[in-house]
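See below for input_22.pdb, which holds PDB, C-alpha atoms, pLDDT in the B column.
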```
MODEL        1
ATOM      1  CA  MET A  28      87.746   5.531 139.012  1.00 58.00           C
ATOM      2  CA  LEU A  29      84.810   7.328 140.686  1.00 68.00           C
ATOM      3  CA  GLU A  30      87.195   9.939 142.075  1.00 73.00           C
ATOM      4  CA  ASP A  31      88.705  10.921 138.724  1.00 85.00           C
ATOM      5  CA  LEU A  32      85.640  10.901 136.469  1.00 89.00           C
ATOM      6  CA  ALA A  33      86.062  14.596 135.694  1.00 90.00           C
ATOM      7  CA  THR A  34      89.321  13.781 133.880  1.00 92.00           C
ATOM      8  CA  HIS A  35      87.326  11.713 131.367  1.00 95.00           C
ATOM      9  CA  THR A  36      85.133  14.451 129.904  1.00 95.00           C
ATOM     10  CA  VAL A  37      84.581  15.036 126.190  1.00 96.00           C
ATOM     11  CA  PRO A  38      82.746  17.759 124.223  1.00 95.00           C
ATOM     12  CA  LEU A  39      78.945  17.724 124.108  1.00 95.00           C
ATOM     13  CA  VAL A  40      78.723  18.310 120.347  1.00 91.00           C
ATOM     14  CA  GLY A  41      78.395  14.962 118.579  1.00 91.00           C
ATOM     15  CA  TYR A  42      77.974  13.041 121.841  1.00 95.00           C
ATOM     16  CA  PRO A  43      75.245  10.388 122.110  1.00 90.00           C
ATOM     17  CA  MET A  44      72.210  11.858 123.898  1.00 92.00           C
ATOM     18  CA  ALA A  45      73.514  15.413 123.386  1.00 93.00           C
ATOM     19  CA  HIS A  46      70.085  16.256 121.957  1.00 92.00           C
ATOM     20  CA  VAL A  47      68.725  16.138 125.531  1.00 92.00           C
ATOM     21  CA  PHE A  48      70.596  19.365 126.241  1.00 94.00           C
ATOM     22  CA  ILE A  49      70.503  21.002 122.808  1.00 91.00           C
ATOM     23  CA  GLY A  50      67.477  23.158 122.019  1.00 84.00           C
ATOM     24  CA  GLU A  51      64.985  22.369 119.277  1.00 84.00           C
ATOM     25  CA  ASP A  52      66.628  25.098 117.211  1.00 87.00           C
ATOM     26  CA  GLY A  53      69.980  23.287 117.442  1.00 85.00           C
ATOM     27  CA  GLN A  54      71.425  25.797 119.884  1.00 89.00           C
ATOM     28  CA  LEU A  55      73.900  24.564 122.462  1.00 91.00           C
ATOM     29  CA  PRO A  56      73.139  25.311 126.105  1.00 93.00           C
ATOM     30  CA  SER A  57      74.474  28.579 127.482  1.00 93.00           C
ATOM     31  CA  PRO A  58      78.139  28.620 128.551  1.00 94.00           C
ATOM     32  CA  GLU A  59      76.937  28.569 132.183  1.00 96.00           C
ATOM     33  CA  HIS A  60      75.023  25.332 131.535  1.00 96.00           C
ATOM     34  CA  LEU A  61      77.811  23.797 129.445  1.00 95.00           C
ATOM     35  CA  ASP A  62      80.125  24.199 132.444  1.00 95.00           C
ATOM     36  CA  GLN A  63      77.694  22.072 134.464  1.00 97.00           C
ATOM     37  CA  ILE A  64      77.085  19.324 131.857  1.00 97.00           C
ATOM     38  CA  ARG A  65      80.101  17.125 131.230  1.00 96.00           C
ATOM     39  CA  PRO A  66      79.782  14.131 128.893  1.00 97.00           C
ATOM     40  CA  LEU A  67      82.143  11.281 129.751  1.00 97.00           C
ATOM     41  CA  ASP A  68      84.319   9.306 127.374  1.00 96.00           C
ATOM     42  CA  ARG A  69      83.439   5.730 126.455  1.00 95.00           C
ATOM     43  CA  GLN A  70      85.777   4.162 129.044  1.00 94.00           C
ATOM     44  CA  ALA A  71      84.239   6.121 131.938  1.00 94.00           C
ATOM     45  CA  ALA A  72      80.689   5.604 130.657  1.00 95.00           C
ATOM     46  CA  GLU A  73      81.180   1.838 130.369  1.00 94.00           C
ATOM     47  CA  PHE A  74      82.717   1.746 133.858  1.00 92.00           C
ATOM     48  CA  LEU A  75      79.694   3.601 135.277  1.00 92.00           C
ATOM     49  CA  TRP A  76      77.221   1.364 133.442  1.00 91.00           C
ATOM     50  CA  LYS A  77      78.882  -1.726 134.895  1.00 90.00           C
ATOM     51  CA  PHE A  78      79.179  -0.108 138.344  1.00 87.00           C
ATOM     52  CA  GLU A  79      75.463   0.807 138.427  1.00 85.00           C
ATOM     53  CA  HIS A  80      74.474  -2.723 137.506  1.00 82.00           C
ATOM     54  CA  ASP A  81      76.984  -4.425 139.832  1.00 80.00           C
ATOM     55  CA  VAL A  82      75.846  -2.263 142.757  1.00 76.00           C
ATOM     56  CA  GLY A  83      72.228  -2.786 141.731  1.00 72.00           C
ATOM     57  CA  LEU A  84      71.010   0.790 142.054  1.00 69.00           C
ATOM     58  CA  THR A  85      67.776   0.100 140.183  1.00 63.00           C
ATOM     59  CA  ARG A  86      67.056  -2.939 142.376  1.00 59.00           C
ATOM     60  CA  PHE A  87      67.486  -1.370 145.784  1.00 56.00           C
ATOM     61  CA  LEU A  88      65.905   2.046 145.245  1.00 57.00           C
ATOM     62  CA  PRO A  89      62.257   0.956 145.063  1.00 55.00           C
ATOM     63  CA  ASP A  90      62.894  -1.214 148.158  1.00 58.00           C
ATOM     64  CA  SER A  91      65.289   1.216 149.780  1.00 53.00           C
ATOM     65  CA  GLY A  92      64.310   0.892 153.456  1.00 57.00           C
ATOM     66  CA  LYS A  93      67.226  -1.348 154.321  1.00 64.00           C
ATOM     67  CA  TYR A  94      69.755   0.810 152.459  1.00 73.00           C
ATOM     68  CA  PHE A  95      68.643   4.395 153.207  1.00 77.00           C
ATOM     69  CA  ARG A  96      67.117   6.219 156.180  1.00 79.00           C
ATOM     70  CA  SER A  97      64.756   8.229 154.005  1.00 82.00           C
ATOM     71  CA  ALA A  98      62.902   7.176 150.869  1.00 82.00           C
ATOM     72  CA  GLU A  99      59.969   8.502 148.937  1.00 87.00           C
ATOM     73  CA  GLN A 100      58.102   7.883 145.728  1.00 86.00           C
ATOM     74  CA  PHE A 101      56.569  10.425 143.364  1.00 89.00           C
ATOM     75  CA  LEU A 102      54.062   9.544 140.628  1.00 86.00           C
ATOM     76  CA  PHE A 103      53.096  12.115 138.069  1.00 80.00           C
ATOM     77  CA  PRO A 104      50.866  12.325 135.005  1.00 73.00           C
ATOM     78  CA  ASP A 105      51.914  13.480 131.542  1.00 72.00           C
ATOM     79  CA  GLY A 106      52.277  17.226 131.254  1.00 71.00           C
ATOM     80  CA  ALA A 107      53.288  17.747 134.897  1.00 83.00           C
ATOM     81  CA  GLU A 108      56.807  19.016 134.183  1.00 86.00           C
ATOM     82  CA  GLN A 109      56.549  21.891 136.671  1.00 91.00           C
ATOM     83  CA  ARG A 110      55.384  19.526 139.436  1.00 91.00           C
ATOM     84  CA  VAL A 111      58.352  17.252 138.675  1.00 92.00           C
ATOM     85  CA  LYS A 112      60.792  20.159 138.867  1.00 94.00           C
ATOM     86  CA  LYS A 113      59.263  21.341 142.142  1.00 94.00           C
ATOM     87  CA  TRP A 114      59.474  17.839 143.622  1.00 93.00           C
ATOM     88  CA  LEU A 115      63.114  17.464 142.508  1.00 95.00           C
ATOM     89  CA  TYR A 116      63.908  20.851 144.056  1.00 96.00           C
ATOM     90  CA  GLU A 117      62.279  19.748 147.315  1.00 94.00           C
ATOM     91  CA  CYS A 118      64.546  16.683 147.487  1.00 94.00           C
ATOM     92  CA  GLY A 119      67.035  19.041 149.123  1.00 93.00           C
ATOM     93  CA  ILE A 120      70.117  18.271 147.035  1.00 96.00           C
ATOM     94  CA  PRO A 121      72.412  21.327 146.698  1.00 96.00           C
ATOM     95  CA  PHE A 122      72.257  22.851 143.205  1.00 97.00           C
ATOM     96  CA  ASP A 123      76.032  22.581 142.781  1.00 97.00           C
ATOM     97  CA  MET A 124      76.207  18.888 143.770  1.00 96.00           C
ATOM     98  CA  THR A 125      77.847  16.852 141.005  1.00 96.00           C
ATOM     99  CA  CYS A 126      75.653  13.946 139.937  1.00 96.00           C
ATOM    100  CA  VAL A 127      76.235  10.889 137.778  1.00 96.00           C
ATOM    101  CA  LEU A 128      73.772   9.999 135.055  1.00 95.00           C
ATOM    102  CA  CYS A 129      74.386   6.978 132.842  1.00 92.00           C
ATOM    103  CA  PHE A 130      71.982   6.524 129.908  1.00 88.00           C
ATOM    104  CA  GLN A 131      73.554   3.435 128.331  1.00 88.00           C
ATOM    105  CA  PRO A 132      76.881   1.571 128.284  1.00 89.00           C
ATOM    106  CA  GLY A 133      78.700   4.195 126.212  1.00 90.00           C
ATOM    107  CA  CYS A 134      76.886   7.340 127.321  1.00 95.00           C
ATOM    108  CA  ALA A 135      77.179   8.989 130.735  1.00 96.00           C
ATOM    109  CA  PHE A 136      77.313  12.491 132.154  1.00 97.00           C
ATOM    110  CA  LEU A 137      78.535  14.357 135.171  1.00 97.00           C
ATOM    111  CA  LEU A 138      76.158  17.222 135.779  1.00 97.00           C
ATOM    112  CA  THR A 139      75.014  19.387 138.616  1.00 98.00           C
ATOM    113  CA  TRP A 140      71.716  18.818 140.397  1.00 98.00           C
ATOM    114  CA  LYS A 141      70.647  22.207 139.025  1.00 98.00           C
ATOM    115  CA  MET A 142      70.980  20.800 135.486  1.00 97.00           C
ATOM    116  CA  VAL A 143      69.071  17.655 136.474  1.00 97.00           C
ATOM    117  CA  ILE A 144      66.157  19.869 137.546  1.00 97.00           C
ATOM    118  CA  HIS A 145      66.462  22.239 134.581  1.00 95.00           C
ATOM    119  CA  TYR A 146      66.509  19.447 131.956  1.00 95.00           C
ATOM    120  CA  ALA A 147      64.208  17.041 133.820  1.00 93.00           C
ATOM    121  CA  LYS A 148      61.601  17.025 131.056  1.00 90.00           C
ATOM    122  CA  ASP A 149      64.180  15.699 128.599  1.00 90.00           C
ATOM    123  CA  LEU A 150      66.189  13.503 130.987  1.00 92.00           C
ATOM    124  CA  PHE A 151      63.293  11.456 132.318  1.00 88.00           C
ATOM    125  CA  PHE A 152      61.331   9.995 129.456  1.00 81.00           C
ATOM    126  CA  GLY A 153      60.377   6.539 128.289  1.00 75.00           C
ATOM    127  CA  HIS A 154      63.256   4.571 129.841  1.00 81.00           C
ATOM    128  CA  ASP A 155      64.586   3.881 133.307  1.00 85.00           C
ATOM    129  CA  THR A 156      67.168   6.416 134.464  1.00 89.00           C
ATOM    130  CA  VAL A 157      69.257   6.643 137.628  1.00 90.00           C
ATOM    131  CA  VAL A 158      70.954   9.775 138.988  1.00 94.00           C
ATOM    132  CA  TRP A 159      73.242   9.492 142.008  1.00 92.00           C
ATOM    133  CA  ASP A 160      76.105  11.149 143.811  1.00 91.00           C
ATOM    134  CA  ARG A 161      79.541   9.552 143.909  1.00 87.00           C
ATOM    135  CA  SER A 162      79.314   8.849 147.648  1.00 85.00           C
ATOM    136  CA  LEU A 163      76.079   6.906 147.027  1.00 84.00           C
ATOM    137  CA  ASN A 164      74.520   8.824 149.906  1.00 87.00           C
ATOM    138  CA  TRP A 165      71.465   9.440 147.741  1.00 91.00           C
ATOM    139  CA  ALA A 166      70.022   8.213 144.471  1.00 90.00           C
ATOM    140  CA  LEU A 167      67.090   9.013 142.233  1.00 92.00           C
ATOM    141  CA  TYR A 168      65.528   6.302 140.091  1.00 90.00           C
ATOM    142  CA  TYR A 169      63.056   7.186 137.355  1.00 90.00           C
ATOM    143  CA  ASP A 170      60.914   4.255 136.293  1.00 85.00           C
ATOM    144  CA  HIS A 171      59.650   4.565 132.712  1.00 81.00           C
ATOM    145  CA  ASN A 172      56.084   4.313 134.083  1.00 80.00           C
ATOM    146  CA  ASP A 173      56.400   7.929 135.312  1.00 83.00           C
ATOM    147  CA  VAL A 174      57.389   7.039 138.857  1.00 88.00           C
ATOM    148  CA  PHE A 175      60.359   8.528 140.707  1.00 89.00           C
ATOM    149  CA  HIS A 176      62.007   6.831 143.689  1.00 87.00           C
ATOM    150  CA  PHE A 177      64.321   9.027 145.745  1.00 90.00           C
ATOM    151  CA  ALA A 178      66.351   7.754 148.682  1.00 87.00           C
ATOM    152  CA  LYS A 179      68.953   9.489 150.818  1.00 87.00           C
ATOM    153  CA  ASP A 180      71.057   9.092 153.934  1.00 85.00           C
ATOM    154  CA  ARG A 181      72.668   5.761 153.163  1.00 79.00           C
ATOM    155  CA  ILE A 182      72.769   3.302 156.055  1.00 76.00           C
ATOM    156  CA  TYR A 183      74.142   0.235 154.288  1.00 63.00           C
ATOM    157  CA  ASP A 184      77.873   0.161 153.641  1.00 63.00           C
ATOM    158  CA  GLY A 185      78.872  -2.978 151.773  1.00 64.00           C
ATOM    159  CA  GLU A 186      82.604  -2.435 152.294  1.00 67.00           C
ATOM    160  CA  ALA A 187      82.191  -1.961 156.049  1.00 67.00           C
ATOM    161  CA  GLU A 188      79.994  -5.073 156.214  1.00 62.00           C
ATOM    162  CA  HIS A 189      82.635  -7.042 154.290  1.00 62.00           C
ATOM    163  CA  LEU A 190      85.367  -5.894 156.708  1.00 71.00           C
ATOM    164  CA  LYS A 191      83.209  -6.868 159.714  1.00 69.00           C
ATOM    165  CA  THR A 192      82.680 -10.326 158.234  1.00 67.00           C
ATOM    166  CA  LEU A 193      86.416 -10.771 157.623  1.00 72.00           C
ATOM    167  CA  GLU A 194      87.169  -9.704 161.205  1.00 78.00           C
ATOM    168  CA  LEU A 195      84.598 -12.164 162.521  1.00 72.00           C
ATOM    169  CA  LEU A 196      86.114 -14.951 160.436  1.00 72.00           C
ATOM    170  CA  ARG A 197      89.606 -14.058 161.700  1.00 78.00           C
ATOM    171  CA  SER A 198      88.382 -14.097 165.294  1.00 75.00           C
ATOM    172  CA  LEU A 199      86.971 -17.553 164.657  1.00 74.00           C
ATOM    173  CA  LYS A 200      90.264 -18.466 162.950  1.00 65.00           C
ATOM    174  CA  LEU A 201      88.437 -19.340 159.711  1.00 58.00           C
ATOM    175  CA  ALA A 202      90.224 -16.801 157.562  1.00 49.00           C
TER
ENDMDL
END
```
Can the structure from this file be put into structure tokens for me?
Amino acid sequence: MLEDLATHTVPLVGYPMAHVFIGEDGQLPSPEHLDQIRPLDRQAAEFLWKFEHDVGLTRFLPDSGKYFRSAEQFLFPDGAEQRVKKWLYECGIPFDMTCVLCFQPGCAFLLTWKMVIHYAKDLFFGHDTVVWDRSLNWALYYDHNDVFHFAKDRIYDGEAEHLKTLELLRSLKLA
């Protein structure tokens, strides 16, 4: 399902959390931005919500040393939107990288990293939020206490570890 998320997009108008991207005057984002913000249908959003929780993204990011080669934390005070944008920019993610953002069980988006930075003020507020790439090579966790955790260069591969365990069991003739 992670590979074909783009086939599950729906229009932004009327979508839950659309207000994050719609201006105070009710104006939709520019066509250039709309091309980079893709709301996902309920089926895809519920899949992503379950996936995030089954994988435990919010659990392993603050303690990411055993999962990622590089991890950092960024705390910021209210009114520091420009500092947040600068820090996100310095994370080194390509602007055109497609990211996953899941707000709640029925509400998720595919959007570029450029849009994450551009709309950061409205994306990261009052509740925990996770943004990640589909390869899980990096992830950004915003804690509602105004703390970001960013980790990249994944070192833990659960599937590979599972296959190694099965091979070990086979060699011991236990599987």
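Counting from atom CA of A:Trp165, the distance to atom CA of A:Asp123 is 14.8 Å.
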query: Could you name the residues that touch stretch 58-62 of chain A at 9 Å or less, counting only C-alpha atoms, but leaving out those on the same chain fewer than 2 positions away, as a PyMOL selection string?
result: chain A and resi 39+55-56+64-65+138+142
Where's the centre, and what are the edge lengths in Å to one decimal, of a box along x, y and z enclosing all listed atoms of stretch 103-112 of chain A padded 3 Å per side, as JSON?
```
{"center_x": 55.8, "center_y": 17.0, "center_z": 135.3, "size_x": 15.9, "size_y": 15.8, "size_z": 14.2}
```
field: Polymer residues at most 9 Å from A:Lys141, all atoms listed in the file, same-chain spacing of 5 or more positions, as a list in words
entry: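 Non-adjacent residues within range: Gln63, Tyr116, Ile120, Pro121, Phe122, Asp123, Met124 and Tyr146 of chain A.
Distances to A:Phe136 were evaluated for A:Glu51, A:Asp68, A:Asp105, A:Asp149 using only C-alpha atoms, and the minimum falls at A:Asp68.
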- request: For the file shown, report as a PyMOL selection string the outcome of the PyMOL selection byres ((chain A and resi 97) around 7) at residue level.
  value: chain A and resi 95-96+98-99+178-180
task: Calculate how many Å separate atom CA of A:Tyr42 from atom CA of A:Val127, rounding to one decimal.
output: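 For atom CA of A:Tyr42 relative to atom CA of A:Val127, the distance reads 16.2 Å.
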Residues near A:Leu75, cut-off 10 Å, only C-alpha atoms, skip fewer than 2 positions along chain, as a VMD selection string: chain A and resid 28 to 29 32 67 69 to 73 77 to 81 127 to 136
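Omitting A:Phe152 and its sequence neighbours fewer than 5 positions away, and counting all atoms listed in the file, the residues within 10 Å are A:Ala147, A:Tyr169, A:Asp170, A:His171, A:Asn172, A:Asp173.
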message: Which residues are near A:Val174? Cut-off 9 Å, all atoms listed in the file, ignore same chain within fewer than 6 positions. Put them as a ChimeraX atom specification.
response: /A:100-103,168
Between atom CA of A:Cys126 and atom CA of A:Leu167 - distance in Å to one decimal: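 Between atom CA of A:Leu167 and atom CA of A:Cys126 the gap is 10.1 Å.
Put simply, the PyMOL selection byres ((chain A and resi 148) around 10) on this file hits Val47, Gly106, Ala107, Glu108, Gln109, Val111, Lys112, Val143, Ile144, His145, Tyr146, Ala147, Asp149, Leu150, Phe151 and Phe152 of chain A.
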